[in-house]
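K.L.:
The structure file data.cif (mmCIF, C-alpha atoms) is provided below.
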```
data_upload
#
loop_
_atom_site.label_atom_id
_atom_site.label_comp_id
_atom_site.auth_asym_id
_atom_site.auth_seq_id
_atom_site.Cartn_x
_atom_site.Cartn_y
_atom_site.Cartn_z
CA MET U 1 -51.99 19.69 -21.84
CA ILE U 2 -48.55 20.96 -22.73
CA VAL U 3 -47.08 23.61 -20.48
CA LYS U 4 -44.15 25.56 -21.82
CA GLY U 5 -41.72 26.46 -19.08
CA LYS U 6 -40.46 29.96 -18.59
CA GLU U 7 -36.72 30.43 -18.97
CA ASN U 8 -36.03 32.78 -16.10
CA ARG U 9 -32.30 32.59 -16.53
CA GLU U 10 -31.73 36.23 -15.72
CA ALA U 11 -33.91 36.25 -12.60
CA VAL U 12 -32.39 37.81 -9.51
CA GLU U 13 -33.35 36.22 -6.21
CA ILE U 14 -32.37 36.61 -2.59
CA VAL U 15 -31.63 33.12 -1.34
CA SER U 16 -29.68 31.55 1.50
CA LEU U 17 -27.01 29.05 0.47
CA ASP U 18 -27.95 26.94 3.48
CA MET U 19 -31.53 26.56 2.16
CA LEU U 20 -30.30 24.99 -1.08
CA VAL U 21 -28.42 22.11 0.55
CA PRO U 22 -30.58 19.12 1.61
CA GLU U 23 -30.59 18.31 5.31
CA ASP U 24 -29.49 14.72 4.68
CA HIS U 25 -26.60 15.63 2.36
CA LEU U 26 -23.36 13.74 3.07
CA LEU U 27 -21.31 16.92 3.42
CA ARG U 28 -23.72 18.20 6.07
CA LYS U 29 -23.16 15.01 8.07
CA ILE U 30 -19.38 15.33 7.75
CA ASP U 31 -19.46 18.99 8.76
CA ALA U 32 -21.54 18.16 11.84
CA ALA U 33 -19.28 15.27 12.88
CA VAL U 34 -15.82 16.84 12.37
CA ASP U 35 -14.47 19.91 14.12
CA PHE U 36 -12.37 21.29 11.28
CA LYS U 37 -11.04 24.13 13.44
CA GLN U 38 -8.58 21.60 14.86
CA ILE U 39 -6.69 21.83 11.55
CA TYR U 40 -5.47 25.32 12.46
CA GLU U 41 -3.34 23.82 15.24
CA PHE U 42 -1.61 21.48 12.81
CA VAL U 43 -0.71 24.19 10.27
CA ASP U 44 -0.12 27.17 12.55
CA ASP U 45 3.69 26.87 12.36
CA LEU U 46 3.60 26.78 8.54
CA TYR U 47 2.42 30.39 8.20
CA CYS U 48 4.23 33.63 8.99
CA LYS U 49 2.70 35.58 11.89
CA ASP U 50 3.44 39.19 10.92
CA ASN U 51 4.02 39.59 7.19
CA GLY U 52 3.18 38.25 3.76
CA ARG U 53 -0.04 38.27 1.76
CA PRO U 54 -3.24 36.99 3.38
CA SER U 55 -3.55 33.28 2.69
CA ILE U 56 -6.49 31.17 1.70
CA ASP U 57 -8.02 29.54 4.76
CA PRO U 58 -6.13 26.22 5.21
CA VAL U 59 -9.38 24.54 6.29
CA VAL U 60 -10.83 25.43 2.89
CA LEU U 61 -7.84 23.85 1.15
CA PHE U 62 -8.24 20.60 3.07
CA LYS U 63 -12.00 20.56 2.49
CA ILE U 64 -11.46 20.93 -1.26
CA VAL U 65 -9.11 17.94 -1.31
CA MET U 66 -11.59 16.01 0.83
CA ILE U 67 -14.33 16.72 -1.73
CA GLN U 68 -12.05 15.45 -4.50
CA HIS U 69 -11.46 12.10 -2.80
CA ILE U 70 -14.98 11.58 -1.44
CA TYR U 71 -16.54 12.00 -4.87
CA GLY U 72 -13.73 10.46 -6.90
CA ILE U 73 -12.92 13.53 -8.97
CA PRO U 74 -9.77 12.72 -11.00
CA SER U 75 -7.93 16.06 -10.76
CA LEU U 76 -7.76 19.27 -8.76
CA ARG U 77 -8.55 21.30 -11.87
CA ARG U 78 -11.80 19.38 -12.33
CA THR U 79 -12.49 19.54 -8.59
CA LEU U 80 -12.38 23.34 -8.52
CA GLU U 81 -14.66 23.47 -11.57
CA GLU U 82 -17.16 21.29 -9.70
CA VAL U 83 -16.83 23.35 -6.52
CA ASN U 84 -17.50 26.52 -8.51
CA MET U 85 -20.82 25.15 -9.85
CA ASN U 86 -22.01 22.86 -7.04
CA VAL U 87 -24.05 24.55 -4.32
CA ALA U 88 -23.36 21.81 -1.74
CA TYR U 89 -19.61 22.04 -2.33
CA ARG U 90 -19.70 25.82 -1.91
CA TRP U 91 -21.68 25.46 1.31
CA PHE U 92 -19.14 22.95 2.63
CA ILE U 93 -16.14 25.25 2.10
CA GLY U 94 -18.11 28.35 3.18
CA TYR U 95 -18.00 30.25 -0.14
CA PRO U 96 -21.19 32.11 -1.18
CA LEU U 97 -22.43 32.01 -4.77
CA ASN U 98 -20.84 35.31 -5.78
CA GLU U 99 -17.36 34.59 -4.36
CA GLN U 100 -14.61 33.27 -6.60
CA VAL U 101 -13.29 29.87 -5.51
CA PRO U 102 -9.50 29.35 -5.21
CA HIS U 103 -7.53 28.54 -8.33
CA PHE U 104 -6.54 24.89 -8.63
CA SER U 105 -2.84 25.80 -8.87
CA THR U 106 -3.06 27.52 -5.47
CA VAL U 107 -4.40 24.36 -3.86
CA SER U 108 -1.79 22.25 -5.62
CA TYR U 109 1.06 24.58 -4.59
CA ASN U 110 0.07 24.51 -0.92
CA PHE U 111 -0.03 20.73 -0.77
CA LYS U 112 3.26 20.45 -2.62
CA HIS U 113 5.29 23.16 -0.91
CA ARG U 114 3.58 24.15 2.35
CA PHE U 115 1.80 21.16 3.85
CA THR U 116 4.26 18.38 4.58
CA THR U 117 3.57 14.67 4.68
CA ALA U 118 3.67 14.95 8.46
CA THR U 119 0.90 17.59 8.37
CA VAL U 120 -1.41 15.33 6.40
CA GLU U 121 -0.46 12.42 8.66
CA TYR U 122 -1.38 14.42 11.79
CA ILE U 123 -4.80 15.25 10.39
CA PHE U 124 -5.36 11.67 9.26
CA ARG U 125 -4.48 10.33 12.73
CA TRP U 126 -6.59 12.98 14.43
CA ILE U 127 -9.69 11.92 12.49
CA LEU U 128 -9.02 8.24 13.23
CA ASN U 129 -8.47 8.95 16.93
CA THR U 130 -11.77 10.82 17.02
CA ALA U 131 -13.52 7.83 15.46
CA ALA U 132 -11.80 5.49 17.92
CA LYS U 133 -12.95 7.55 20.92
CA GLU U 134 -16.53 7.24 19.69
CA GLY U 135 -16.14 3.46 19.48
CA PHE U 136 -16.33 3.16 15.70
CA LEU U 137 -13.04 1.30 15.18
CA ASP U 138 -12.49 -2.42 15.65
CA THR U 139 -8.80 -3.17 15.15
CA SER U 140 -8.76 -6.70 16.54
CA ALA U 141 -8.32 -7.81 12.91
CA ILE U 142 -6.76 -5.69 10.18
CA PHE U 143 -7.37 -6.31 6.47
CA ILE U 144 -4.65 -5.45 3.93
CA ASP U 145 -4.84 -5.35 0.15
CA GLY U 146 -3.42 -3.41 -2.79
CA THR U 147 -5.37 -1.46 -5.40
CA HIS U 148 -3.85 -0.17 -8.63
CA ILE U 149 -4.53 3.44 -9.60
CA LYS U 150 -3.92 4.46 -13.20
CA ALA U 151 -1.45 7.31 -13.54
CA SER U 152 -2.02 10.27 -15.84
CA ALA U 153 0.85 9.24 -18.09
CA ASN U 154 0.97 8.14 -21.71
CA MET U 155 2.55 4.73 -22.34
CA LYS U 156 4.13 6.12 -25.51
CA LYS U 157 6.18 8.62 -23.53
CA LYS U 158 8.62 6.28 -21.85
CA ALA U 159 12.30 5.44 -21.56
CA ARG U 160 14.47 2.55 -20.40
CA LYS U 161 16.49 3.18 -17.27
CA ALA U 162 18.99 1.11 -15.30
CA VAL U 163 18.35 1.22 -11.56
CA PRO U 164 20.11 -0.59 -8.70
CA VAL U 165 18.31 -3.62 -7.35
CA GLU U 166 16.96 -2.68 -3.93
CA ALA U 167 18.25 -4.92 -1.18
CA LYS U 168 15.68 -6.80 0.83
CA ARG U 169 14.92 -5.24 4.16
CA TYR U 170 15.75 -8.41 6.02
CA ALA U 171 18.88 -9.24 3.94
CA LYS U 172 21.36 -8.68 6.79
CA GLU U 173 19.27 -10.65 9.29
CA LEU U 174 18.81 -13.45 6.75
CA ARG U 175 22.55 -13.65 6.02
CA GLU U 176 23.30 -13.92 9.74
CA GLU U 177 20.78 -16.73 10.16
CA ILE U 178 22.15 -18.54 7.09
CA ASN U 179 25.73 -18.35 8.36
CA ARG U 180 24.64 -19.47 11.80
CA ASP U 181 22.85 -22.47 10.27
CA ARG U 182 25.85 -23.33 8.08
CA GLU U 183 28.19 -23.22 11.07
CA GLU U 184 25.90 -25.57 12.98
CA HIS U 185 26.29 -28.00 10.09
CA ASP U 186 30.08 -27.52 9.95
CA LYS U 187 29.88 -25.51 6.75
CA LYS U 188 31.93 -22.43 5.98
CA PRO U 189 29.86 -19.23 6.38
CA PHE U 190 29.36 -16.97 3.38
CA ASP U 191 31.60 -13.91 3.19
CA ASP U 192 30.09 -10.49 3.75
CA ASP U 193 30.98 -9.05 0.36
CA ASP U 194 28.46 -6.21 0.30
CA ASP U 195 31.18 -3.54 0.22
CA SER U 196 33.37 -5.14 -2.43
CA THR U 197 30.70 -6.32 -4.86
CA PRO U 198 29.13 -3.59 -7.00
CA PRO U 199 25.35 -3.38 -6.60
CA LYS U 200 23.29 -5.28 -9.13
CA GLU U 201 21.26 -3.30 -11.62
CA LYS U 202 18.09 -3.98 -13.55
CA GLU U 203 16.57 -2.18 -16.49
CA ILE U 204 13.03 -0.85 -16.08
CA THR U 205 10.58 1.21 -18.12
CA VAL U 206 9.93 4.67 -16.68
CA SER U 207 7.50 7.38 -17.70
CA THR U 208 9.02 10.64 -18.87
CA THR U 209 5.83 12.38 -17.73
CA ASP U 210 5.51 10.79 -14.28
CA PRO U 211 8.79 9.08 -13.26
CA ASP U 212 7.33 7.85 -9.94
CA ALA U 213 4.75 5.64 -11.67
CA GLY U 214 5.47 2.04 -12.65
CA VAL U 215 4.32 -0.20 -15.48
CA PHE U 216 1.34 -2.33 -14.49
CA HIS U 217 0.25 -5.34 -16.52
CA LYS U 218 -1.84 -8.17 -15.10
CA GLY U 219 -3.97 -10.72 -16.90
CA GLU U 220 -6.13 -9.13 -19.59
CA HIS U 221 -5.56 -5.61 -18.29
CA LYS U 222 -4.00 -3.21 -20.75
CA LYS U 223 -0.41 -2.29 -19.91
CA CYS U 224 -0.27 1.17 -18.36
CA PHE U 225 1.63 3.36 -15.92
CA ALA U 226 0.09 3.13 -12.48
CA TYR U 227 0.49 3.42 -8.75
CA GLU U 228 -0.57 0.93 -6.13
CA ALA U 229 -2.24 1.91 -2.87
CA HIS U 230 -1.60 -0.74 -0.22
CA THR U 231 -4.46 -0.13 2.19
CA ALA U 232 -5.13 -1.41 5.71
CA CYS U 233 -8.70 -1.37 7.03
CA ASP U 234 -10.44 -2.42 10.22
CA LYS U 235 -13.57 -4.60 10.48
CA HIS U 236 -15.81 -1.58 9.85
CA ASN U 237 -13.99 -0.49 6.67
CA PHE U 238 -12.19 2.44 8.28
CA ILE U 239 -8.88 3.02 6.48
CA LEU U 240 -6.15 2.78 9.11
CA ASP U 241 -3.09 3.37 6.93
CA VAL U 242 -1.96 3.53 3.31
CA GLU U 243 1.38 2.87 1.65
CA VAL U 244 1.60 4.13 -1.95
CA THR U 245 4.17 2.62 -4.32
CA ALA U 246 4.80 2.42 -8.04
CA GLY U 247 2.49 0.03 -9.88
CA ASN U 248 5.26 -2.48 -10.56
CA VAL U 249 6.11 -3.00 -6.87
CA HIS U 250 4.89 -6.33 -5.51
CA ASP U 251 2.46 -6.31 -2.59
CA SER U 252 4.87 -8.20 -0.35
CA VAL U 253 7.58 -5.54 -0.82
CA ALA U 254 5.32 -2.76 0.48
CA PHE U 255 4.18 -4.78 3.49
CA ASP U 256 7.01 -3.94 5.91
CA PRO U 257 6.61 -0.13 6.09
CA LEU U 258 2.83 -0.54 6.27
CA TYR U 259 3.09 -3.11 9.05
CA ASP U 260 5.50 -0.86 10.96
CA GLN U 261 2.83 1.85 11.09
CA LEU U 262 0.11 -0.60 12.10
CA CYS U 263 2.20 -1.98 14.97
CA GLU U 264 3.00 1.54 16.15
CA HIS U 265 -0.55 2.90 16.11
CA TYR U 266 -2.62 -0.27 16.67
CA PRO U 267 -0.52 -2.66 18.79
CA GLU U 268 -3.68 -4.33 20.07
CA HIS U 269 -4.48 -6.07 16.77
CA LYS U 270 -4.29 -9.87 16.83
CA THR U 271 -4.90 -10.91 13.22
CA ILE U 272 -3.69 -9.76 9.80
CA VAL U 273 -5.98 -10.72 6.91
CA ALA U 274 -4.41 -10.59 3.45
CA ASP U 275 -4.48 -12.39 0.11
CA SER U 276 -1.89 -14.86 -1.13
CA ALA U 277 0.36 -12.08 -2.48
CA TYR U 278 1.45 -11.47 1.11
CA LYS U 279 2.08 -15.14 1.81
CA THR U 280 5.87 -15.08 1.84
CA PRO U 281 8.25 -16.65 4.39
CA SER U 282 9.54 -13.29 5.63
CA ILE U 283 6.05 -11.84 6.17
CA CYS U 284 4.77 -14.99 7.88
CA LYS U 285 7.86 -15.09 10.12
CA ARG U 286 7.52 -11.46 11.14
CA ILE U 287 3.81 -11.69 11.95
CA PHE U 288 4.12 -14.94 13.90
CA GLU U 289 7.13 -13.70 15.88
CA SER U 290 5.15 -10.61 16.90
CA GLY U 291 2.55 -12.89 18.49
CA ARG U 292 -0.09 -12.38 15.83
CA VAL U 293 -1.81 -14.58 13.25
CA LEU U 294 -1.79 -14.26 9.46
CA SER U 295 -5.11 -15.26 7.91
CA THR U 296 -4.56 -15.68 4.20
CA ALA U 297 -5.84 -17.49 1.15
CA TYR U 298 -4.82 -20.94 0.00
CA LYS U 299 -1.84 -20.84 -2.33
CA ARG U 300 -1.35 -23.61 -4.84
CA PRO U 301 1.90 -25.51 -4.20
CA MET U 302 4.66 -24.72 -6.70
CA THR U 303 6.10 -28.16 -7.41
CA LYS U 304 8.64 -28.88 -10.13
CA LYS U 305 7.35 -30.85 -13.06
CA GLY U 306 7.92 -34.57 -12.73
CA GLY U 307 8.59 -34.43 -9.00
CA HIS U 308 6.65 -35.48 -5.94
CA GLU U 309 4.48 -32.86 -4.31
CA TRP U 310 6.46 -31.17 -1.55
CA TRP U 311 3.92 -31.99 1.15
CA LYS U 312 4.50 -35.71 0.60
CA TYR U 313 8.03 -35.38 1.96
CA VAL U 314 8.47 -35.72 5.73
CA TYR U 315 11.14 -33.87 7.69
CA ASP U 316 12.76 -35.77 10.55
CA GLU U 317 13.89 -33.09 12.98
CA TYR U 318 15.79 -35.47 15.25
CA TYR U 319 18.05 -36.86 12.50
CA ASP U 320 17.87 -33.70 10.35
CA CYS U 321 16.89 -35.53 7.21
CA VAL U 322 13.96 -35.77 4.81
CA ILE U 323 11.99 -38.93 4.03
CA CYS U 324 10.62 -39.11 0.50
CA PRO U 325 7.30 -40.81 -0.47
CA GLU U 326 9.29 -43.95 -1.35
CA TYR U 327 10.71 -44.01 2.21
CA LYS U 328 14.22 -43.12 1.07
CA THR U 329 16.42 -40.72 3.04
CA LEU U 330 17.60 -37.36 1.74
CA HIS U 331 20.53 -36.04 3.79
CA TYR U 332 21.49 -32.43 4.47
CA ALA U 333 23.84 -31.04 1.80
CA THR U 334 24.07 -27.29 2.33
CA THR U 335 22.23 -24.06 3.12
CA ASN U 336 22.18 -21.81 0.08
CA LYS U 337 22.36 -18.02 -0.09
CA ASP U 338 18.58 -17.76 -0.39
CA GLY U 339 18.18 -19.32 3.03
CA TYR U 340 17.00 -22.77 1.93
CA ARG U 341 18.44 -25.98 3.27
CA GLU U 342 19.16 -28.47 0.50
CA TYR U 343 18.64 -32.17 1.15
CA LYS U 344 19.97 -34.60 -1.44
CA SER U 345 19.72 -38.31 -2.02
CA ARG U 346 22.24 -40.63 -3.64
CA SER U 347 21.97 -40.45 -7.40
CA TYR U 348 21.49 -44.20 -7.81
CA VAL U 349 18.52 -44.10 -5.41
CA CYS U 350 16.50 -41.68 -7.54
CA GLU U 351 17.53 -43.08 -10.92
CA HIS U 352 15.16 -46.01 -10.55
CA CYS U 353 12.38 -44.28 -8.61
CA PRO U 354 9.08 -45.80 -9.81
CA THR U 355 6.90 -42.76 -9.04
CA ARG U 356 8.79 -39.70 -10.25
CA GLU U 357 11.28 -38.41 -12.75
CA TYR U 358 14.86 -38.16 -11.53
CA ASN U 359 15.72 -34.94 -9.76
CA GLY U 360 17.58 -35.89 -6.60
CA LEU U 361 17.20 -32.56 -4.86
CA ILE U 362 14.71 -31.02 -2.46
CA ASN U 363 14.96 -27.71 -0.61
#
```
Would you kindly transcribe this structure into C-alpha cells?

P.N.:
Amino acid sequence: MIVKGKENREAVEIVSLDMLVPEDHLLRKIDAAVDFKQIYEFVDDLYCKDNGRPSIDPVVLFKIVMIQHIYGIPSLRRTLEEVNMNVAYRWFIGYPLNEQVPHFSTVSYNFKHRFTTATVEYIFRWILNTAAKEGFLDTSAIFIDGTHIKASANMKKKARKAVPVEAKRYAKELREEINRDREEHDKKPFDDDDDSTPPKEKEITVSTTDPDAGVFHKGEHKKCFAYEAHTACDKHNFILDVEVTAGNVHDSVAFDPLYDQLCEHYPEHKTIVADSAYKTPSICKRIFESGRVLSTAYKRPMTKKGGHEWWKYVYDEYYDCVICPEYKTLHYATTNKDGYREYKSRSYVCEHCPTREYNGLIN
C-alpha cells in the first residue's frame, strides 16, 4: 500500500538542538574530551581589554577550522555553508538554529591577521600534551612522510621567475670537513669564496594566483601547483609535527626543520622511520650522531653504466685505498667540493679490465 508523505515544510516545532545530535557522534566525543576553555588563555593578549567592537568567540573560530579539517572540507566558504545547515556542527560551536553563523571572511581574517603561527602552535602542543598525559602517545619511534596537497591555482596562470639557489643547511659544516680532509691528505683547502661569488640562480615556474605553491609532477600524475605536508606521527597515528613546503621541494630538504622540532619536543625517541626519499648522507649522519637509528626502505644502488657495482669495491682503511673486484688498487686522488673522496687507478690498469668498461674513477 502506497503512503504519500506529508510535506510539513512550514511546521513550527519546539526542539532542543542537543536532542538532534546522536550520542555517539564524533563531535560529541571531541567536546567531552577537550577543554576548549583553555584556548582563552592562549589568545587573551590578542584582544583589547577596554574598547573595540565585541568579537566572535575565539573558541568558535577554532572549532570551525577544526570541523573543516576533520571532515576534509576544501575551503572556509564551504565550511561555513556546511556549519549553517548541519545540526551537529551548530551544536559543536554552540549556535542555535536561528542564529546566523560567522561569515567565512571573518574567520579567514582572524587566522590571517590576529592568530599568529605561535598561537596555533601553542594550541597544537597543548592538545598533544593532554594526549601524552593520558598515555595515548608512543614516541619511541617516529614515522615521517610527505603528502602532496593540490593548491587552488590554475596551471595556465603562471610565470617564469629566477630565484637564488638556496644554500644547503650544512654547507658551512661540510666545507670545513672537506678542507680538513684535504689538509690531512696534503691537499690545498678550498677557498671560502661565498662573499665574492654571486649567488647562483635557477628559473622556476610560479603561480600568479598562489606564489607559495610549487609545481608538482610525479609519474602519471597530472602536473599541477601543490603544497607538500611533511608529517611526523607516533606509533598510534597521532600527528606530532608538520612542516609545509611548496610542492616542488624535495622531502629531504624539509627534514631538518621538522627534525629540529621533534628533537626539541620528543627527545626520548629512538628511531626515525622514513621512506627512501630521506635516505641521504646528511640525514643519516645527523640521525646517527644524535644517537638514534634511521629505519628506511631499500634504495637501489645508482651505479654508472658499464661499471662494477659499488658494493663490490672494498675500502682499505689502513692504507686509505680501494680494492676493485679485479684486486687492483685505486689510490686517493682528491676530495671534491661535494665532499666525496676520489680514488683513481692507473689508466693502463683499467684499459684491459676483463669485467667492465673503462672508467678509472670511483668516489

K.L.:
Please write the residues picked by the PyMOL selection byres ((chain U and resi 263-269) around 8) on this file as a count of residues only.

P.N.:
12

K.L.:
Counting all atoms listed in the file, what is within 10 Å of U:His331, bar same-chain residues fewer than 6 positions away, as a PyMOL selection string?

P.N.:
chain U and resi 319-323+342-346+361-362

K.L.:
Translate the PyMOL selection byres ((chain U and resi 241-254) around 7) into a concrete residue list for this structure, as a list in words.

P.N.:
Gly146, His148, Asp212, Ala213, Gly214, Val215, Phe216, Phe225, Ala226, Tyr227, Glu228, Ala229, His230, Thr231, Ala232, Ile239, Leu240, Phe255, Asp256, Pro257, Leu258, Ala277 and Tyr278 of chain U

K.L.:
Can you tell me which residues surround U:Ala33 at a distance of at most 12 Å, considering only C-alpha atoms, apart from same-chain residues fewer than 4 positions away, and format the answer as a ChimeraX atom specification?

P.N.:
/U:26-29,127,130-131,134

K.L.:
Can you tell me, as a ChimeraX atom specification, what residues are no more than 10 Å from stretch 86-90 of chain U when counting only C-alpha atoms, ignoring any on the same chain fewer than 3 positions away?

P.N.:
/U:17-18,20-22,25-28,63-64,67,79-83,93-97,99,101

K.L.:
What is the distance between atom CA of U:Pro102 and atom CA of U:Pro211, in Å to one decimal?

P.N.:
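Distance reported for this atom pair: 28.5 Å.
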
K.L.:
List every protein, DNA or RNA residue that has an atom no more than 10 Å from (16.8, -2.1, -17.3) in the file's coordinate frame, counting all atoms listed in the file, and report them as JSON, numbers by chain.

P.N.:
{"U": [159, 160, 161, 162, 163, 164, 201, 202, 203, 204, 205, 206]}

K.L.:
Could you check how far atom CA of U:Phe143 sits from atom CA of U:Asn129, in Å to one decimal?

P.N.:
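Taking atom CA of U:Phe143 as the start and atom CA of U:Asn129 as the end point, the length is 18.5 Å.
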
K.L.:
Could you spell out the hits of the PyMOL selection byres ((chain U and resi 190) around 9) on the shown file, as a PyMOL selection string?

P.N.:
chain U and resi 175+178-179+182+188-189+191-193+337

K.L.:
Name the closest residue to U:Asp35 among the candidates U:Phe115, U:Val59, U:Arg53, U:Ser282; distances are taken between atoms, counting all atoms listed in the file.

P.N.:
U:Val59

K.L.:
Can you tell me how far atom CA of U:Cys233 sits from atom CA of U:Gly135, in Å to one decimal?

P.N.:
15.3 Å

K.L.:
Select, from U:Leu61, U:Leu330, U:Met66, U:Met85, the residue with the minimum atom-to-atom distance to U:Phe124, counting only C-alpha atoms.

P.N.:
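Closest to U:Phe124, using only C-alpha atoms: U:Met66.
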
K.L.:
List every protein, DNA or RNA residue with an atom no more than 9 Å from (22.3, -24.2, 3.7) in the file's coordinates, counting all atoms listed in the file, and format the result as a PyMOL selection string.

P.N.:
chain U and resi 178-179+181-182+185+187+332-342

K.L.:
Taking only C-alpha atoms into account, name the residue in U:Arg77, U:Glu10, U:Glu121, U:Tyr348 that is nearest to U:Ser108.

P.N.:
U:Arg77
